[in-house]
file input_9.cif (mmCIF, C-alpha atoms)
data_protein
loop_
_atom_site.group_PDB
_atom_site.id
_atom_site.type_symbol
_atom_site.label_atom_id
_atom_site.label_comp_id
_atom_site.auth_asym_id
_atom_site.auth_seq_id
_atom_site.Cartn_x
_atom_site.Cartn_y
_atom_site.Cartn_z
ATOM 1 C CA MET A 66 -6.828 -73.257 -9.962
ATOM 2 C CA GLU A 67 -4.267 -71.958 -7.520
ATOM 3 C CA ARG A 68 -5.143 -68.842 -5.479
ATOM 4 C CA ILE A 69 -2.461 -66.187 -5.269
ATOM 5 C CA ASP A 70 -2.145 -64.042 -2.166
ATOM 6 C CA PRO A 71 -2.572 -60.413 -3.410
ATOM 7 C CA ARG A 72 -0.050 -59.175 -0.849
ATOM 8 C CA SER A 73 2.663 -61.322 -2.393
ATOM 9 C CA ARG A 74 2.230 -59.824 -5.864
ATOM 10 C CA SER A 75 5.131 -57.741 -7.066
ATOM 11 C CA ASP A 76 3.244 -55.500 -9.481
ATOM 12 C CA ALA A 77 1.916 -52.036 -8.655
ATOM 13 C CA TYR A 78 -1.672 -53.216 -8.086
ATOM 14 C CA GLY A 79 -1.065 -56.121 -5.721
ATOM 15 C CA SER A 80 -0.104 -53.775 -2.938
ATOM 16 C CA ARG A 81 -3.437 -51.925 -3.234
ATOM 17 C CA ILE A 82 -5.722 -54.921 -2.969
ATOM 18 C CA ASN A 83 -7.265 -55.737 0.397
ATOM 19 C CA ARG A 84 -6.851 -52.242 1.812
ATOM 20 C CA THR A 85 -9.478 -50.039 3.370
ATOM 21 C CA HIS A 86 -9.811 -46.421 4.399
ATOM 22 C CA SER A 87 -9.089 -45.495 7.989
ATOM 23 C CA PRO A 88 -12.486 -44.388 9.382
ATOM 24 C CA LEU A 89 -10.796 -42.241 12.023
ATOM 25 C CA LEU A 90 -8.641 -40.438 9.470
ATOM 26 C CA ALA A 91 -11.525 -40.075 7.016
ATOM 27 C CA ASN A 92 -13.720 -38.388 9.616
ATOM 28 C CA VAL A 93 -11.207 -36.308 11.574
ATOM 29 C CA VAL A 94 -8.981 -34.672 8.929
ATOM 30 C CA PRO A 95 -11.523 -32.059 7.689
ATOM 31 C CA TRP A 96 -12.476 -31.006 11.197
ATOM 32 C CA ILE A 97 -8.883 -30.794 12.455
ATOM 33 C CA SER A 98 -7.748 -28.783 9.417
ATOM 34 C CA ILE A 99 -10.554 -26.240 9.889
ATOM 35 C CA LEU A 100 -9.801 -25.945 13.614
ATOM 36 C CA ALA A 101 -6.093 -25.485 12.817
ATOM 37 C CA GLY A 102 -7.079 -22.793 10.326
ATOM 38 C CA SER A 103 -8.971 -20.990 13.088
ATOM 39 C CA LEU A 104 -5.860 -21.056 15.287
ATOM 40 C CA LEU A 105 -3.439 -19.939 12.558
ATOM 41 C CA PRO A 106 -4.091 -16.147 12.750
ATOM 42 C CA ILE A 107 -3.008 -16.159 16.408
ATOM 43 C CA PHE A 108 0.593 -16.749 15.385
ATOM 44 C CA PHE A 109 0.946 -13.697 13.132
ATOM 45 C CA ILE A 110 2.171 -10.317 14.310
ATOM 46 C CA ALA A 111 -0.565 -7.795 14.947
ATOM 47 C CA THR A 112 -0.722 -4.874 12.547
ATOM 48 C CA ALA A 113 -2.702 -1.657 12.428
ATOM 49 C CA LEU A 114 -4.765 -2.974 9.509
ATOM 50 C CA PRO A 115 -6.428 -6.379 9.235
ATOM 51 C CA LEU A 116 -4.272 -8.312 6.786
ATOM 52 C CA VAL A 117 -4.456 -11.938 7.888
ATOM 53 C CA PRO A 118 -7.384 -13.670 6.181
ATOM 54 C CA PRO A 119 -9.910 -15.608 8.239
ATOM 55 C CA THR A 120 -8.134 -18.906 7.589
ATOM 56 C CA GLY A 121 -10.610 -21.054 9.515
ATOM 57 C CA PHE A 122 -13.467 -19.753 7.394
ATOM 58 C CA LEU A 123 -11.299 -20.090 4.288
ATOM 59 C CA MET A 124 -10.644 -23.760 5.099
ATOM 60 C CA LEU A 125 -14.358 -24.315 5.792
ATOM 61 C CA LEU A 126 -15.202 -22.870 2.373
ATOM 62 C CA ALA A 127 -12.500 -24.911 0.688
ATOM 63 C CA TRP A 128 -13.685 -28.178 2.245
ATOM 64 C CA ARG A 129 -17.313 -27.395 1.423
ATOM 65 C CA LEU A 130 -16.598 -26.405 -2.179
ATOM 66 C CA VAL A 131 -13.951 -29.027 -2.993
ATOM 67 C CA ARG A 132 -15.791 -31.912 -1.283
ATOM 68 C CA PRO A 133 -19.501 -31.002 -1.196
ATOM 69 C CA GLY A 134 -21.544 -33.178 1.098
ATOM 70 C CA LEU A 135 -18.597 -34.146 3.304
ATOM 71 C CA LEU A 136 -19.375 -31.725 6.120
ATOM 72 C CA PRO A 137 -22.931 -31.753 7.441
ATOM 73 C CA VAL A 138 -24.858 -28.492 7.327
ATOM 74 C CA TRP A 139 -24.872 -28.300 11.126
ATOM 75 C CA ALA A 140 -21.035 -28.282 11.201
ATOM 76 C CA GLY A 141 -21.065 -24.480 11.142
ATOM 77 C CA PHE A 142 -22.207 -24.391 14.756
ATOM 78 C CA PRO A 143 -19.382 -26.303 16.503
ATOM 79 C CA LEU A 144 -16.688 -25.044 14.131
ATOM 80 C CA GLY A 145 -17.919 -21.463 14.457
ATOM 81 C CA LEU A 146 -18.028 -21.884 18.235
ATOM 82 C CA PHE A 147 -14.352 -22.870 18.239
ATOM 83 C CA ASP A 148 -13.488 -19.960 15.953
ATOM 84 C CA ASP A 149 -15.359 -17.531 18.218
ATOM 85 C CA LEU A 150 -13.177 -18.597 21.131
ATOM 86 C CA TYR A 151 -9.963 -17.644 19.317
ATOM 87 C CA SER A 152 -10.835 -14.983 16.735
ATOM 88 C CA GLY A 153 -11.491 -12.015 19.004
ATOM 89 C CA GLN A 154 -14.869 -11.391 17.407
ATOM 90 C CA PRO A 155 -17.968 -11.167 19.626
ATOM 91 C CA PHE A 156 -19.165 -14.558 20.767
ATOM 92 C CA GLY A 157 -21.711 -15.990 18.363
ATOM 93 C CA SER A 158 -20.657 -14.083 15.255
ATOM 94 C CA ALA A 159 -18.766 -17.007 13.688
ATOM 95 C CA ILE A 160 -21.469 -19.441 14.800
ATOM 96 C CA PHE A 161 -24.024 -17.363 12.923
ATOM 97 C CA LEU A 162 -21.880 -16.583 9.870
ATOM 98 C CA TRP A 163 -20.467 -20.089 9.404
ATOM 99 C CA SER A 164 -23.908 -21.687 9.795
ATOM 100 C CA ALA A 165 -25.507 -19.189 7.407
ATOM 101 C CA THR A 166 -22.711 -19.779 4.886
ATOM 102 C CA LEU A 167 -23.141 -23.560 4.965
ATOM 103 C CA LEU A 168 -26.908 -23.183 4.539
ATOM 104 C CA ALA A 169 -26.425 -20.771 1.613
ATOM 105 C CA LEU A 170 -23.888 -23.068 -0.077
ATOM 106 C CA GLU A 171 -26.268 -25.992 0.340
ATOM 107 C CA ALA A 172 -29.054 -23.982 -1.310
ATOM 108 C CA ILE A 173 -26.733 -22.985 -4.163
ATOM 109 C CA ASP A 174 -25.687 -26.614 -4.712
ATOM 110 C CA LEU A 175 -29.303 -27.724 -4.933
ATOM 111 C CA ARG A 176 -30.091 -25.152 -7.637
ATOM 112 C CA LEU A 177 -27.073 -25.489 -9.925
ATOM 113 C CA PRO A 178 -26.784 -28.508 -12.211
ATOM 114 C CA TRP A 179 -22.996 -28.200 -12.661
ATOM 115 C CA ARG A 180 -20.002 -26.545 -11.044
ATOM 116 C CA SER A 181 -16.523 -25.464 -12.053
ATOM 117 C CA PHE A 182 -13.512 -24.184 -10.153
ATOM 118 C CA ALA A 183 -14.131 -20.648 -11.463
ATOM 119 C CA GLN A 184 -17.651 -20.778 -10.045
ATOM 120 C CA ASP A 185 -16.331 -22.100 -6.726
ATOM 121 C CA TRP A 186 -13.733 -19.322 -6.587
ATOM 122 C CA PHE A 187 -16.397 -16.717 -7.374
ATOM 123 C CA THR A 188 -18.686 -18.158 -4.704
ATOM 124 C CA ALA A 189 -15.844 -18.202 -2.178
ATOM 125 C CA GLY A 190 -14.990 -14.601 -3.077
ATOM 126 C CA ILE A 191 -18.522 -13.451 -2.388
ATOM 127 C CA ALA A 192 -18.686 -15.453 0.851
ATOM 128 C CA LEU A 193 -15.323 -14.108 2.068
ATOM 129 C CA THR A 194 -16.263 -10.518 1.227
ATOM 130 C CA LEU A 195 -19.590 -10.803 3.022
ATOM 131 C CA TYR A 196 -17.929 -12.568 5.973
ATOM 132 C CA CYS A 197 -15.431 -9.736 6.456
ATOM 133 C CA LEU A 198 -18.043 -6.981 6.008
ATOM 134 C CA VAL A 199 -20.629 -8.580 8.305
ATOM 135 C CA GLY A 200 -17.841 -9.370 10.777
ATOM 136 C CA LEU A 201 -17.011 -5.655 10.807
ATOM 137 C CA ALA A 202 -20.657 -4.788 11.449
ATOM 138 C CA LEU A 203 -20.960 -7.367 14.256
ATOM 139 C CA SER A 204 -17.662 -6.392 15.898
ATOM 140 C CA GLY A 205 -19.057 -3.218 17.419
ATOM 141 C CA ALA A 206 -16.740 -0.947 15.439
ATOM 142 C CA SER A 207 -18.243 1.940 13.577
ATOM 143 C CA PRO A 208 -18.598 0.833 9.949
ATOM 144 C CA SER A 209 -17.185 3.958 8.324
ATOM 145 C CA PHE A 210 -15.853 4.339 4.804
ATOM 146 C CA ALA A 211 -12.289 4.273 6.153
ATOM 147 C CA ALA A 212 -12.941 1.005 8.015
ATOM 148 C CA ILE A 213 -14.344 -0.611 4.890
ATOM 149 C CA ILE A 214 -11.336 0.571 2.858
ATOM 150 C CA ALA A 215 -9.033 -0.836 5.566
ATOM 151 C CA LEU A 216 -10.695 -4.249 5.086
ATOM 152 C CA GLY A 217 -9.844 -4.184 1.381
ATOM 153 C CA PRO A 218 -6.394 -5.836 1.626
ATOM 154 C CA GLN A 219 -7.706 -8.581 3.908
ATOM 155 C CA ILE A 220 -10.608 -9.324 1.571
ATOM 156 C CA LEU A 221 -8.354 -9.290 -1.501
ATOM 157 C CA LEU A 222 -5.760 -11.541 0.140
ATOM 158 C CA SER A 223 -8.490 -13.926 1.296
ATOM 159 C CA ILE A 224 -9.919 -14.214 -2.221
ATOM 160 C CA LEU A 225 -6.468 -14.707 -3.754
ATOM 161 C CA LEU A 226 -5.598 -17.425 -1.220
ATOM 162 C CA PHE A 227 -8.682 -19.536 -1.965
ATOM 163 C CA PRO A 228 -6.966 -21.571 -4.738
ATOM 164 C CA LEU A 229 -4.126 -22.368 -2.324
ATOM 165 C CA ALA A 230 -6.625 -23.411 0.344
ATOM 166 C CA ALA A 231 -8.435 -25.590 -2.210
ATOM 167 C CA ARG A 232 -5.120 -27.197 -3.165
ATOM 168 C CA ILE A 233 -4.312 -27.876 0.504
ATOM 169 C CA VAL A 234 -7.761 -29.391 0.984
ATOM 170 C CA ALA A 235 -7.259 -31.617 -2.081
ATOM 171 C CA GLY A 236 -3.984 -32.879 -0.589
ATOM 172 C CA LEU A 237 -5.602 -33.442 2.799
ATOM 173 C CA ASP A 238 -8.437 -35.258 1.057
ATOM 174 C CA ARG A 239 -5.946 -37.637 -0.552
ATOM 175 C CA LEU A 240 -4.425 -38.213 2.891
ATOM 176 C CA ARG A 241 -7.901 -38.710 4.334
ATOM 177 C CA LEU A 242 -8.727 -41.353 1.763
ATOM 178 C CA SER A 243 -5.339 -43.061 1.752
ATOM 179 C CA ARG A 244 -5.549 -46.788 2.132
ATOM 180 C CA TRP A 245 -4.367 -48.767 5.112
ATOM 181 C CA ARG A 246 -3.651 -52.471 5.133
ATOM 182 C CA SER A 247 -6.557 -54.317 6.695
ATOM 183 C CA GLN A 248 -6.031 -56.796 9.485
ATOM 184 C CA GLY A 249 -7.024 -60.151 8.095
#
call {"tool": "encode", "arguments": {"input": "input_9.cif", "output": "structure tokens"}}
result
Amino acid sequence: MERIDPRSRSDAYGSRINRTHSPLLANVVPWISILAGSLLPIFFIATALPLVPPTGFLMLLAWRLVRPGLLPVWAGFPLGLFDDLYSGQPFGSAIFLWSATLLALEAIDLRLPWRSFAQDWFTAGIALTLYCLVGLALSGASPSFAAIIALGPQILLSILLFPLAARIVAGLDRLRLSRWRSQG
């Protein structure tokens, strides 16, 4: 029987045979996208009220909820460290909050037998609300009623942007797992 080289096939499946994932791309894309999310608020114009959502934290939540198990639990420390350098919050606040969030999401995943997008959105909403409120408490500002009301638009915008962040993460995940022709 004659062997046919899969690369010479003209159908849609011949071009997919003998391809592998790029290990570099598979490992780096989630980390780079979260770090880019931490840098994104720097480029917006400062306003009197906090309006720009914590995009680094939003991307961390999206990666953790869309692809559970991809990021290790200890990833909150280095990613939070990077976010602390650029967010303007006191040093260590993102390290603590990101690590605590990843530990809490891991505990939630162990207890629940199934998940849906609505549940992920609800979980992200609670995490984003707590992140903004605890960030206010750790910032050194006086947590008054007016300050909490001023956080309302940022919290609402963060919750409403989670589906977009999840969609971006799904696209980046497809890029991360795209196939490259192997050498051989």
call {"tool": "residues_near_point", "arguments": {"input": "input_9.cif", "point": "(-9.4, -41.4, 2.8)", "cutoff": "8 Å", "atoms": "all atoms listed in the file", "output": "PyMOL selection string"}}
result
chain A and resi 86-88+90-91+238-244
call {"tool": "closest_residue", "arguments": {"input": "input_9.cif", "among": "A:Gly236, A:Val131, A:Leu89, A:Asp174", "to": "A:Trp186", "atoms": "all atoms listed in the file"}}
result
A:Val131
call {"tool": "atom_distance", "arguments": {"input": "input_9.cif", "atom1": "atom CA of A:Trp96", "atom2": "atom CA of A:Val138"}}
result
13.2 Å
call {"tool": "atom_distance", "arguments": {"input": "input_9.cif", "atom1": "atom CA of A:Ala230", "atom2": "atom CA of A:Arg180"}}
result
17.8 Å
call {"tool": "residues_around", "arguments": {"input": "input_9.cif", "residues": "A:Phe142", "least_positions_apart": "6", "cutoff": "10 Å", "atoms": "only C-alpha atoms", "output": "VMD selection string"}}
result
chain A and resid 148 157 159 to 165 167
call {"tool": "residues_near_point", "arguments": {"input": "input_9.cif", "point": "(-21.0, -12.9, 1.4)", "cutoff": "12 Å", "atoms": "only C-alpha atoms", "output": "PyMOL selection string"}}
result
chain A and resi 122+126+162-163+165-167+169-170+187-200+220+224
call {"tool": "resolve_selection", "arguments": {"input": "input_9.cif", "expression": "the PyMOL selection byres ((chain A and resi 105) around 12)", "output": "number ranges by chain"}}
result
A: 98-104, 106-110, 117-124, 148, 151-152
call {"tool": "atom_distance", "arguments": {"input": "input_9.cif", "atom1": "atom CA of A:Leu229", "atom2": "atom CA of A:Pro115"}}
result
19.9 Å
call {"tool": "closest_residue", "arguments": {"input": "input_9.cif", "among": "A:Gly217, A:Pro95, A:Pro208, A:Gly153", "to": "A:Ala127", "atoms": "only C-alpha atoms"}}
result
A:Pro95
call {"tool": "axis_aligned_box", "arguments": {"input": "input_9.cif", "around": "stretch 185-190 of chain A", "padding_each_side": "6 Å", "output": "lines of an AutoDock Vina configuration file"}}
result
center_x = -16.2
center_y = -18.4
center_z = -4.8
size_x = 17.0
size_y = 19.5
size_z = 17.2
call {"tool": "closest_residue", "arguments": {"input": "input_9.cif", "among": "A:Trp139, A:Phe156, A:Phe147, A:Phe182", "to": "A:Pro228", "atoms": "only C-alpha atoms"}}
result
A:Phe182
call {"tool": "residues_around", "arguments": {"input": "input_9.cif", "residues": "A:Leu116", "least_positions_apart": "6", "cutoff": "9 Å", "atoms": "only C-alpha atoms", "output": "tab-separated table (two decimals) with C-alpha atoms, in the coordinates of the input"}}
result
chain	number	residue	atom	x	y	z
A	215	ALA	CA	-9.03	-0.84	5.57
A	216	LEU	CA	-10.70	-4.25	5.09
A	217	GLY	CA	-9.84	-4.18	1.38
A	218	PRO	CA	-6.39	-5.84	1.63
A	219	GLN	CA	-7.71	-8.58	3.91
A	220	ILE	CA	-10.61	-9.32	1.57
A	222	LEU	CA	-5.76	-11.54	0.14
A	223	SER	CA	-8.49	-13.93	1.30
call {"tool": "closest_residue", "arguments": {"input": "input_9.cif", "among": "A:Gly205, A:Asp185, A:Leu225, A:Gln154", "to": "A:Arg132", "atoms": "all atoms listed in the file"}}
result
A:Asp185
call {"tool": "decode", "arguments": {"input": "input_9.cif", "residues": "stretch 124-247 of chain A", "atoms": "C-alpha atoms", "output": "short mmCIF file (atom, residue, chain, number, x, y, z; two decimals), in the first residue's frame"}}
result
data_model
loop_
_atom_site.label_atom_id
_atom_site.label_comp_id
_atom_site.auth_asym_id
_atom_site.auth_seq_id
_atom_site.Cartn_x
_atom_site.Cartn_y
_atom_site.Cartn_z
CA MET A 124 -8.01 39.59 32.56
CA LEU A 125 -6.79 37.40 35.44
CA LEU A 126 -10.40 36.54 36.30
CA ALA A 127 -11.26 35.89 32.68
CA TRP A 128 -8.32 33.53 32.16
CA ARG A 129 -9.05 31.72 35.42
CA LEU A 130 -12.77 31.34 34.73
CA VAL A 131 -12.59 30.60 30.99
CA ARG A 132 -9.62 28.21 31.25
CA PRO A 133 -9.58 26.82 34.81
CA GLY A 134 -6.38 25.07 35.72
CA LEU A 135 -4.27 26.94 33.17
CA LEU A 136 -2.75 29.41 35.62
CA PRO A 137 -1.21 27.94 38.76
CA VAL A 138 -2.57 29.15 42.09
CA TRP A 139 0.74 30.86 42.88
CA ALA A 140 0.43 33.05 39.75
CA GLY A 141 -1.30 35.74 41.82
CA PHE A 142 2.00 36.66 43.45
CA PRO A 143 4.13 37.60 40.40
CA LEU A 144 1.20 39.02 38.44
CA GLY A 145 0.03 41.04 41.45
CA LEU A 146 3.60 42.24 41.98
CA PHE A 147 3.68 43.60 38.43
CA ASP A 148 0.27 45.22 38.88
CA ASP A 149 1.41 46.85 42.13
CA LEU A 150 4.27 48.52 40.28
CA TYR A 151 1.92 50.25 37.83
CA SER A 152 -1.48 50.60 39.53
CA GLY A 153 -0.70 53.30 42.07
CA GLN A 154 -2.07 51.19 44.90
CA PRO A 155 0.11 50.53 47.97
CA PHE A 156 2.74 47.90 47.33
CA GLY A 157 1.47 44.45 48.22
CA SER A 158 -2.25 45.12 47.83
CA ALA A 159 -2.54 43.44 44.41
CA ILE A 160 -0.21 40.64 45.52
CA PHE A 161 -2.56 39.92 48.41
CA LEU A 162 -5.83 40.41 46.52
CA TRP A 163 -4.84 38.50 43.39
CA SER A 164 -3.46 35.59 45.42
CA ALA A 165 -6.53 35.49 47.66
CA THR A 166 -8.79 35.59 44.59
CA LEU A 167 -7.01 32.67 42.92
CA LEU A 168 -7.20 30.65 46.15
CA ALA A 169 -10.92 31.44 46.53
CA LEU A 170 -11.66 30.51 42.90
CA GLU A 171 -9.77 27.26 43.35
CA ALA A 172 -11.86 26.45 46.44
CA ILE A 173 -15.07 27.29 44.56
CA ASP A 174 -14.06 25.04 41.64
CA LEU A 175 -13.42 22.13 43.98
CA ARG A 176 -16.89 22.41 45.53
CA LEU A 177 -19.07 22.91 42.46
CA PRO A 178 -19.81 19.96 40.18
CA TRP A 179 -20.71 22.12 37.16
CA ARG A 180 -20.29 25.65 35.88
CA SER A 181 -22.00 27.96 33.42
CA PHE A 182 -21.16 31.35 31.97
CA ALA A 183 -23.83 33.00 34.16
CA GLN A 184 -22.16 31.52 37.23
CA ASP A 185 -18.75 32.69 36.03
CA TRP A 186 -20.10 36.19 35.41
CA PHE A 187 -21.69 36.24 38.87
CA THR A 188 -18.45 35.03 40.45
CA ALA A 189 -16.45 37.64 38.54
CA GLY A 190 -18.93 40.33 39.62
CA ILE A 191 -18.48 39.46 43.27
CA ALA A 192 -14.69 39.27 42.90
CA LEU A 193 -14.52 42.63 41.08
CA THR A 194 -16.76 44.33 43.64
CA LEU A 195 -14.71 43.00 46.54
CA TYR A 196 -11.46 43.89 44.75
CA CYS A 197 -12.52 47.52 44.31
CA LEU A 198 -13.88 47.85 47.87
CA VAL A 199 -10.88 46.20 49.54
CA GLY A 200 -8.59 48.22 47.26
CA LEU A 201 -10.28 51.37 48.59
CA ALA A 202 -9.74 50.21 52.17
CA LEU A 203 -6.07 49.35 51.53
CA SER A 204 -5.35 52.58 49.63
CA GLY A 205 -5.26 54.71 52.76
CA ALA A 206 -8.25 56.81 51.73
CA SER A 207 -11.04 57.27 54.20
CA PRO A 208 -13.76 54.77 53.25
CA SER A 209 -16.72 57.13 53.48
CA PHE A 210 -20.16 56.69 51.97
CA ALA A 211 -19.27 59.20 49.24
CA ALA A 212 -16.10 57.26 48.34
CA ILE A 213 -18.04 54.02 48.07
CA ILE A 214 -20.67 55.71 45.87
CA ALA A 215 -17.85 57.12 43.70
CA LEU A 216 -16.62 53.54 43.13
CA GLY A 217 -20.03 52.53 41.81
CA PRO A 218 -19.42 53.38 38.12
CA GLN A 219 -16.05 51.62 38.13
CA ILE A 220 -17.53 48.50 39.70
CA LEU A 221 -20.50 48.51 37.31
CA LEU A 222 -18.29 49.03 34.26
CA SER A 223 -15.95 46.27 35.42
CA ILE A 224 -18.82 43.80 35.81
CA LEU A 225 -20.30 44.75 32.44
CA LEU A 226 -16.93 44.34 30.70
CA PHE A 227 -16.37 40.79 31.97
CA PRO A 228 -18.11 39.14 28.96
CA LEU A 229 -15.88 41.16 26.63
CA ALA A 230 -12.79 40.12 28.59
CA ALA A 231 -13.94 36.48 28.45
CA ARG A 232 -14.40 36.79 24.68
CA ILE A 233 -10.91 38.28 24.31
CA VAL A 234 -9.48 35.46 26.41
CA ALA A 235 -11.28 32.88 24.25
CA GLY A 236 -9.71 34.43 21.14
CA LEU A 237 -6.28 34.52 22.77
CA ASP A 238 -6.76 30.91 23.81
CA ARG A 239 -7.39 29.93 20.19
CA LEU A 240 -4.21 31.80 19.24
CA ARG A 241 -2.37 30.09 22.09
CA LEU A 242 -3.42 26.67 20.88
CA SER A 243 -3.00 27.34 17.17
CA ARG A 244 -1.00 24.71 15.40
CA TRP A 245 2.42 25.18 13.89
CA ARG A 246 4.00 22.94 11.30
CA SER A 247 6.49 20.64 12.97
#
